[in-house]
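Undergrad: I'm passing along final.cif; it holds mmCIF, C-alpha atoms and all ligand atoms.
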data_upload
loop_
_atom_site.label_atom_id
_atom_site.label_comp_id
_atom_site.auth_asym_id
_atom_site.auth_seq_id
_atom_site.Cartn_x
_atom_site.Cartn_y
_atom_site.Cartn_z
CA MET A 10 45.30 14.75 66.07
CA GLU A 11 46.33 12.76 69.08
CA LYS A 12 45.02 15.43 71.39
CA LYS A 13 41.62 15.37 69.71
CA GLN A 14 41.49 11.62 70.16
CA GLU A 15 42.12 12.03 73.89
CA ARG A 16 39.38 14.59 74.28
CA MET A 17 36.90 12.27 72.58
CA THR A 18 37.82 9.55 75.02
CA ARG A 19 37.33 11.78 78.02
CA GLN A 20 33.93 12.91 76.73
CA LYS A 21 32.82 9.33 76.28
CA LYS A 22 34.17 8.40 79.69
CA VAL A 23 32.26 11.18 81.42
CA ILE A 24 29.07 10.37 79.50
CA LEU A 25 29.37 6.71 80.40
CA GLU A 26 30.05 7.52 84.07
CA GLU A 27 27.09 9.84 84.33
CA LEU A 28 24.81 7.41 82.54
CA ASN A 29 25.88 4.68 84.95
CA LYS A 30 24.69 6.78 87.90
CA VAL A 31 21.08 6.94 86.79
CA LYS A 32 18.37 4.39 86.26
CA ASN A 33 15.87 6.60 84.46
CA HIS A 34 16.96 5.99 80.85
CA PRO A 35 17.65 9.62 79.91
CA THR A 36 17.26 11.11 76.45
CA ALA A 37 20.28 12.68 74.72
CA SER A 38 19.30 16.14 75.92
CA GLU A 39 18.94 14.88 79.49
CA VAL A 40 22.42 13.33 79.23
CA TYR A 41 23.62 16.68 77.90
CA ASP A 42 22.30 18.40 81.04
CA MET A 43 23.95 15.74 83.21
CA VAL A 44 27.44 16.12 81.72
CA ARG A 45 27.50 19.88 81.20
CA SER A 46 29.01 20.64 84.61
CA LYS A 47 31.96 18.37 83.81
CA LEU A 48 32.18 19.12 80.09
CA PRO A 49 31.13 22.76 79.87
CA ARG A 50 32.11 23.10 76.21
CA ILE A 51 30.31 20.06 74.88
CA SER A 52 27.38 20.50 72.50
CA LEU A 53 24.16 18.51 72.34
CA GLY A 54 25.17 17.19 68.93
CA THR A 55 28.47 15.90 70.31
CA VAL A 56 26.68 14.24 73.23
CA TYR A 57 24.33 12.58 70.75
CA ARG A 58 27.21 11.38 68.56
CA ASN A 59 29.07 10.01 71.57
CA LEU A 60 25.97 8.19 72.76
CA GLU A 61 25.47 6.63 69.32
CA HIS A 62 29.12 5.63 69.30
CA LEU A 63 28.96 4.07 72.77
CA SER A 64 25.89 2.08 71.81
CA ALA A 65 27.48 0.93 68.55
CA LYS A 66 30.34 -0.41 70.66
CA GLY A 67 27.90 -2.18 72.95
CA LEU A 68 28.86 -0.13 75.99
CA ILE A 69 25.37 1.26 76.40
CA GLN A 70 21.95 0.36 75.09
CA LYS A 71 19.78 2.65 73.06
CA LEU A 72 16.06 2.38 73.43
CA ASP A 73 13.57 3.32 70.80
CA MET A 74 10.38 3.10 72.74
CA ARG A 75 6.91 3.54 71.34
CA LYS A 76 6.54 6.90 72.99
CA GLY A 77 8.94 9.81 73.23
CA GLN A 78 12.51 10.31 72.14
CA ARG A 79 15.34 7.82 71.91
CA ARG A 80 16.65 6.96 75.35
CA PHE A 81 19.92 5.55 76.62
CA ASP A 82 20.65 2.89 79.21
CA ALA A 83 23.99 1.98 80.79
CA THR A 84 22.69 -1.50 81.61
CA THR A 85 23.61 -3.58 78.59
CA GLN A 86 22.50 -7.04 79.66
CA GLU A 87 19.06 -8.03 78.41
CA HIS A 88 16.28 -6.73 80.57
CA THR A 89 12.69 -5.70 80.16
CA HIS A 90 11.48 -2.13 80.04
CA ILE A 91 8.16 -0.79 81.15
CA LEU A 92 6.93 2.46 79.67
CA CYS A 93 4.40 4.76 81.31
CA LEU A 94 1.95 5.74 78.58
CA ASN A 95 0.98 8.81 80.55
CA CYS A 96 4.26 10.55 81.43
CA GLY A 97 6.57 8.61 79.09
CA LYS A 98 9.06 7.48 81.71
CA VAL A 99 10.87 4.19 81.20
CA GLU A 100 11.83 1.86 84.01
CA ASP A 101 13.54 -1.51 84.30
CA ILE A 102 11.54 -4.48 85.34
CA ALA A 103 13.10 -7.70 86.58
CA LEU A 104 11.20 -10.35 84.72
CA GLN A 105 12.48 -13.70 83.59
CA PRO A 106 10.99 -15.20 80.45
CA ASP A 107 8.43 -17.71 81.59
CA GLN A 108 7.52 -21.05 80.14
CA ASP A 109 5.16 -19.53 77.59
CA ILE A 110 7.98 -17.70 75.90
CA LEU A 111 10.20 -20.74 75.93
CA THR A 112 7.50 -22.88 74.32
CA MET A 113 6.86 -20.05 71.88
CA LYS A 114 10.28 -20.80 70.45
CA SER A 115 9.26 -24.22 69.19
CA LYS A 116 5.84 -22.96 68.11
CA VAL A 117 7.44 -20.24 66.02
CA LYS A 118 9.53 -22.84 64.26
CA ASP A 119 6.53 -25.09 63.65
CA GLN A 120 4.35 -22.32 62.32
CA SER A 121 6.78 -20.22 60.33
CA GLY A 122 9.96 -22.18 59.95
CA TYR A 123 11.85 -19.36 61.59
CA GLU A 124 14.47 -20.13 64.16
CA LEU A 125 13.73 -17.75 67.01
CA ILE A 126 16.95 -16.21 68.28
CA GLY A 127 15.66 -13.28 70.23
CA TYR A 128 12.68 -11.29 71.27
CA GLU A 129 12.02 -7.91 72.73
CA ILE A 130 9.23 -7.09 75.07
CA GLU A 131 8.11 -3.55 75.64
CA LEU A 132 5.62 -3.31 78.45
CA HIS A 133 3.16 -0.44 78.50
CA GLY A 134 1.41 0.78 81.60
CA ILE A 135 0.64 3.64 83.92
CA CYS A 136 3.29 4.31 86.57
CA PRO A 137 2.40 4.53 90.29
CA GLU A 138 2.82 8.33 90.29
CA CYS A 139 0.47 8.80 87.36
CA ARG A 140 -1.97 6.33 88.86
CA SER A 141 -2.14 8.22 92.13
CA GLU A 142 -2.63 11.44 90.12
CA THR A 143 -5.65 10.04 88.32
CA GLU A 144 -6.97 8.61 91.59
CA LYS A 145 -6.78 12.09 93.13
CA GLN A 146 -8.58 13.58 90.13
CA LYS A 147 -11.31 11.00 90.42
CA GLU A 148 -11.67 11.78 94.13
CA ASN A 149 -11.89 15.50 93.38
CA GLN A 150 -14.57 14.92 90.80
CA ALA A 151 -16.46 12.70 93.18
CA CYS A 152 -16.26 15.46 95.83
CA LYS A 153 -17.59 18.08 93.45
CA LYS A 154 -20.47 15.86 92.43
CA GLY A 155 -21.25 15.20 96.06
CA ARG A 156 -21.61 18.87 96.86
ZN ZN A 201 3.75 8.03 84.55
ZN ZN A 202 16.92 -0.38 81.29
#
Rewrite the coordinates I just gave you, this time as structure tokens.
TA:
Amino acid sequence: MEKKQERMTRQKKVILEELNKVKNHPTASEVYDMVRSKLPRISLGTVYRNLEHLSAKGLIQKLDMRKGQRRFDATTQEHTHILCLNCGKVEDIALQPDQDILTMKSKVKDQSGYELIGYEIELHGICPECRSETEKQKENQACKKGR
């Protein structure tokens, strides 16, 4: 029993370490690929369970974005995510709530009687890589038309 407990701890430790190395908010199966060299016997289901466990303990953040699978983030302090609607990648964006959001707090109370204690912003856009892809496609089409 004790031995099993230890193994669980090591799995979680490795998962946490690997997740801390990346900034790309991997999915459970991406985390699975990342830890497999260190934990060759681990299964995807176990990785998933460990990730859920770590997020329940507040050691990692889980992200349910509008697009794609559930993702995981080792950065637990509040920060804003921007999602590329084209390729589905999720990145961090350093944005401080501006005055509008702060005044929203009192407006929410006035209008609904709710005390606003938190908010979550999910930004949607097209990442630079995808943008340059579409630019290239446009150029190609323009070239073909020109001929
Ligand atoms: Zn993209
Ligand atoms: Zn993040």
Undergrad: How many Å lie between atom CA of Phe81 of chain A and atom CA of Arg140 of chain A, rounded to one decimal?
TA: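 It comes out at 25.1 Å.
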Undergrad: Please identify all protein, DNA and RNA residues within 12 Å of ligand ZN 201 (chain A), counting all atoms listed in the file, and report them as a ChimeraX atom specification.
TA: /A:76,91-100,133-143
Undergrad: What does the distance between atom CA of Asn29 of chain A and atom CA of Tyr57 of chain A come to in Å, to one decimal place?
TA: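 About the pair atom CA of Asn29 of chain A and atom CA of Tyr57 of chain A: they are 16.3 Å apart.
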Undergrad: As a quick test: using only C-alpha atoms and all ligand atoms, which residues lie no more than 10 Å away from ligand ZN 202 (chain A)? Give them as a PyMOL selection string.
TA: chain A and resi 32-34+69-72+80-91+99-103
Undergrad: Counting only C-alpha atoms, which of A:Val117, A:Ile110, A:Ile126, A:Leu60 gets nearest to Lys22 of chain A?
TA: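 The shortest atom-to-atom distance to Lys22 of chain A comes from A:Leu60.
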Undergrad: Check the smallest atom-to-atom distance from each of A:Leu28, A:Glu39, A:Gly77, A:Gln20 to Arg58 of chain A using all atoms listed in the file, then report the winner.
TA: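 The shortest atom-to-atom distance to Arg58 of chain A comes from A:Gln20.
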Undergrad: If I only have part of segment 113-124 of chain A, can you fill in all heavy atoms and write it as a short mmCIF file (atom, residue, chain, number, x, y, z; two decimals), in the frame of the given file?
TA:
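The result, written out as selection.cif:
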data_model
loop_
_atom_site.label_atom_id
_atom_site.label_comp_id
_atom_site.auth_asym_id
_atom_site.auth_seq_id
_atom_site.Cartn_x
_atom_site.Cartn_y
_atom_site.Cartn_z
N MET A 113 7.11 -20.84 73.09
CA MET A 113 6.86 -20.05 71.88
C MET A 113 7.94 -20.34 70.83
O MET A 113 7.67 -20.37 69.64
CB MET A 113 6.86 -18.57 72.23
CG MET A 113 6.11 -17.71 71.24
SD MET A 113 5.94 -16.05 71.88
CE MET A 113 7.41 -15.30 71.20
N LYS A 114 9.15 -20.55 71.32
CA LYS A 114 10.28 -20.80 70.45
C LYS A 114 10.00 -21.96 69.49
O LYS A 114 10.21 -21.86 68.29
CB LYS A 114 11.50 -21.13 71.32
CG LYS A 114 12.76 -20.51 70.83
CD LYS A 114 13.89 -20.75 71.79
CE LYS A 114 15.18 -20.52 71.04
NZ LYS A 114 16.33 -20.46 71.91
N SER A 115 9.51 -23.05 70.05
CA SER A 115 9.26 -24.22 69.19
C SER A 115 8.01 -23.98 68.33
O SER A 115 7.94 -24.43 67.19
CB SER A 115 9.11 -25.49 70.03
OG SER A 115 8.06 -25.35 70.93
N LYS A 116 7.04 -23.25 68.89
CA LYS A 116 5.84 -22.96 68.11
C LYS A 116 6.16 -22.08 66.91
O LYS A 116 5.62 -22.28 65.82
CB LYS A 116 4.79 -22.25 68.98
CG LYS A 116 4.07 -23.19 69.93
CD LYS A 116 2.96 -22.48 70.65
CE LYS A 116 2.38 -23.35 71.74
NZ LYS A 116 1.64 -22.55 72.72
N VAL A 117 7.04 -21.12 67.12
CA VAL A 117 7.44 -20.24 66.02
C VAL A 117 8.05 -21.06 64.89
O VAL A 117 7.73 -20.86 63.73
CB VAL A 117 8.44 -19.15 66.52
CG1 VAL A 117 9.15 -18.48 65.37
CG2 VAL A 117 7.71 -18.11 67.35
N LYS A 118 8.88 -22.01 65.27
CA LYS A 118 9.53 -22.84 64.26
C LYS A 118 8.51 -23.69 63.52
O LYS A 118 8.55 -23.81 62.29
CB LYS A 118 10.60 -23.72 64.91
CG LYS A 118 11.65 -24.16 63.91
CD LYS A 118 12.84 -24.78 64.61
CE LYS A 118 13.92 -25.09 63.58
NZ LYS A 118 15.09 -25.70 64.23
N ASP A 119 7.58 -24.27 64.27
CA ASP A 119 6.53 -25.09 63.65
C ASP A 119 5.68 -24.28 62.68
O ASP A 119 5.35 -24.73 61.60
CB ASP A 119 5.61 -25.68 64.73
CG ASP A 119 6.31 -26.77 65.53
OD1 ASP A 119 7.39 -27.23 65.08
OD2 ASP A 119 5.79 -27.15 66.59
N GLN A 120 5.31 -23.09 63.12
CA GLN A 120 4.35 -22.32 62.32
C GLN A 120 4.98 -21.55 61.17
O GLN A 120 4.35 -21.35 60.14
CB GLN A 120 3.60 -21.34 63.23
CG GLN A 120 2.59 -22.04 64.12
CD GLN A 120 1.78 -21.05 64.94
OE1 GLN A 120 1.75 -19.88 64.63
NE2 GLN A 120 1.13 -21.56 65.97
N SER A 121 6.20 -21.10 61.35
CA SER A 121 6.78 -20.22 60.33
C SER A 121 8.09 -20.73 59.75
O SER A 121 8.56 -20.20 58.75
CB SER A 121 7.00 -18.82 60.92
OG SER A 121 8.01 -18.90 61.91
N GLY A 122 8.66 -21.71 60.40
CA GLY A 122 9.96 -22.18 59.95
C GLY A 122 11.12 -21.32 60.40
O GLY A 122 12.28 -21.62 60.14
N TYR A 123 10.80 -20.24 61.08
CA TYR A 123 11.85 -19.36 61.59
C TYR A 123 12.50 -19.97 62.81
O TYR A 123 11.82 -20.59 63.63
CB TYR A 123 11.27 -18.01 62.02
CG TYR A 123 11.12 -17.00 60.91
CD1 TYR A 123 10.11 -17.12 59.96
CD2 TYR A 123 11.98 -15.91 60.83
CE1 TYR A 123 9.96 -16.20 58.95
CE2 TYR A 123 11.83 -14.98 59.82
CZ TYR A 123 10.82 -15.12 58.88
OH TYR A 123 10.68 -14.20 57.90
N GLU A 124 13.77 -19.77 62.94
CA GLU A 124 14.47 -20.13 64.16
C GLU A 124 14.48 -18.86 65.02
O GLU A 124 15.07 -17.86 64.64
CB GLU A 124 15.90 -20.58 63.82
CG GLU A 124 16.81 -20.73 65.01
CD GLU A 124 16.91 -22.19 65.46
OE1 GLU A 124 17.22 -23.03 64.60
OE2 GLU A 124 16.69 -22.45 66.65
#
